[in-house]
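**Q** Quick one: the structure is below, questions incoming.
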Amino acid sequence: MTIPEFCRWARLGKTAVYREIKSRRLVLRKAGAKSLILMSDAEAWLRSLPTASAA
């Protein structure tokens with residue numbers, strides 16, 4: 001998926017997504033000039049997030 005598609009999927013803004021990419025927690029792939037995030041990488045990123053405690 002493209003970065004805007006990932007933003008909608010993850011409900012995150014572009015700044016947060018680029019921060020995750022820069023920190024290498026999210027993998028960005030290139031197809032020519034196009035930047036893509038594989039669904040499997042997106043799901044792995046989601047699974048790697050810390051769990052929230054019930055408050």
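In the structure tokens, each chain is lettered A, B, ... as it comes, each chain's residues begin at 1, and ligands are numbered from 1 in order of appearance.
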Per DSSP on the backbone, what are the strand (DSSP E) residues of chain A, as a list in words?

**A**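 Residues of chain A classed as strand (DSSP E): Arg29, Lys30, Ala31, Lys34, Ser35 and Leu36 of chain A.
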
**Q** Quick check for you: according to DSSP on this backbone, which residues of chain A are classed as alpha helix (DSSP H)? Reply as number ranges by chain.

**A** A: 3-10, 14-22, 39-48

**Q** Take the residues that were just selected and, keeping C-alpha atoms, output them as a PDB file, in the first residue's frame.

**A**
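As written to disk, part24.pdb reads:
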ATOM      1  CA  ILE A   3       1.943   5.840   2.431  1.00  0.00           C
ATOM      2  CA  PRO A   4      -1.436   7.654   2.249  1.00  0.00           C
ATOM      3  CA  GLU A   5      -3.191   4.254   2.162  1.00  0.00           C
ATOM      4  CA  PHE A   6      -1.165   3.104   5.174  1.00  0.00           C
ATOM      5  CA  CYS A   7      -2.061   6.329   7.011  1.00  0.00           C
ATOM      6  CA  ARG A   8      -5.753   5.599   6.500  1.00  0.00           C
ATOM      7  CA  TRP A   9      -5.307   1.907   7.438  1.00  0.00           C
ATOM      8  CA  ALA A  10      -3.345   2.665  10.616  1.00  0.00           C
ATOM      9  CA  LYS A  14       2.173  11.171   7.753  1.00  0.00           C
ATOM     10  CA  THR A  15       4.569  12.576  10.350  1.00  0.00           C
ATOM     11  CA  ALA A  16       4.012   9.596  12.660  1.00  0.00           C
ATOM     12  CA  VAL A  17       4.401   7.161   9.762  1.00  0.00           C
ATOM     13  CA  TYR A  18       7.668   8.735   8.608  1.00  0.00           C
ATOM     14  CA  ARG A  19       8.890   8.634  12.232  1.00  0.00           C
ATOM     15  CA  GLU A  20       8.179   4.882  12.331  1.00  0.00           C
ATOM     16  CA  ILE A  21      10.002   4.411   9.014  1.00  0.00           C
ATOM     17  CA  LYS A  22      12.997   6.475  10.149  1.00  0.00           C
ATOM     18  CA  MET A  39       0.543  -5.565   4.127  1.00  0.00           C
ATOM     19  CA  SER A  40       2.652  -8.209   5.876  1.00  0.00           C
ATOM     20  CA  ASP A  41       5.076  -5.483   7.066  1.00  0.00           C
ATOM     21  CA  ALA A  42       2.148  -3.317   8.195  1.00  0.00           C
ATOM     22  CA  GLU A  43       0.657  -6.199  10.173  1.00  0.00           C
ATOM     23  CA  ALA A  44       4.060  -7.067  11.699  1.00  0.00           C
ATOM     24  CA  TRP A  45       4.452  -3.414  12.747  1.00  0.00           C
ATOM     25  CA  LEU A  46       0.992  -3.482  14.326  1.00  0.00           C
ATOM     26  CA  ARG A  47       1.763  -6.701  16.226  1.00  0.00           C
ATOM     27  CA  SER A  48       5.022  -5.177  17.513  1.00  0.00           C
TER      28      SER A  48
END

**Q** Calculated over only C-alpha atoms, which of the candidates A:Leu12, A:Met1, A:Leu49, A:Ala54 has the smallest distance to A:Ser35?

**A**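 The shortest atom-to-atom distance to A:Ser35 comes from A:Met1.
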
**Q** By how many Å are atom CA of A:Leu38 and atom CA of A:Ala52 apart?

**A**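 Separation between atom CA of A:Leu38 and atom CA of A:Ala52: 25.1 Å.
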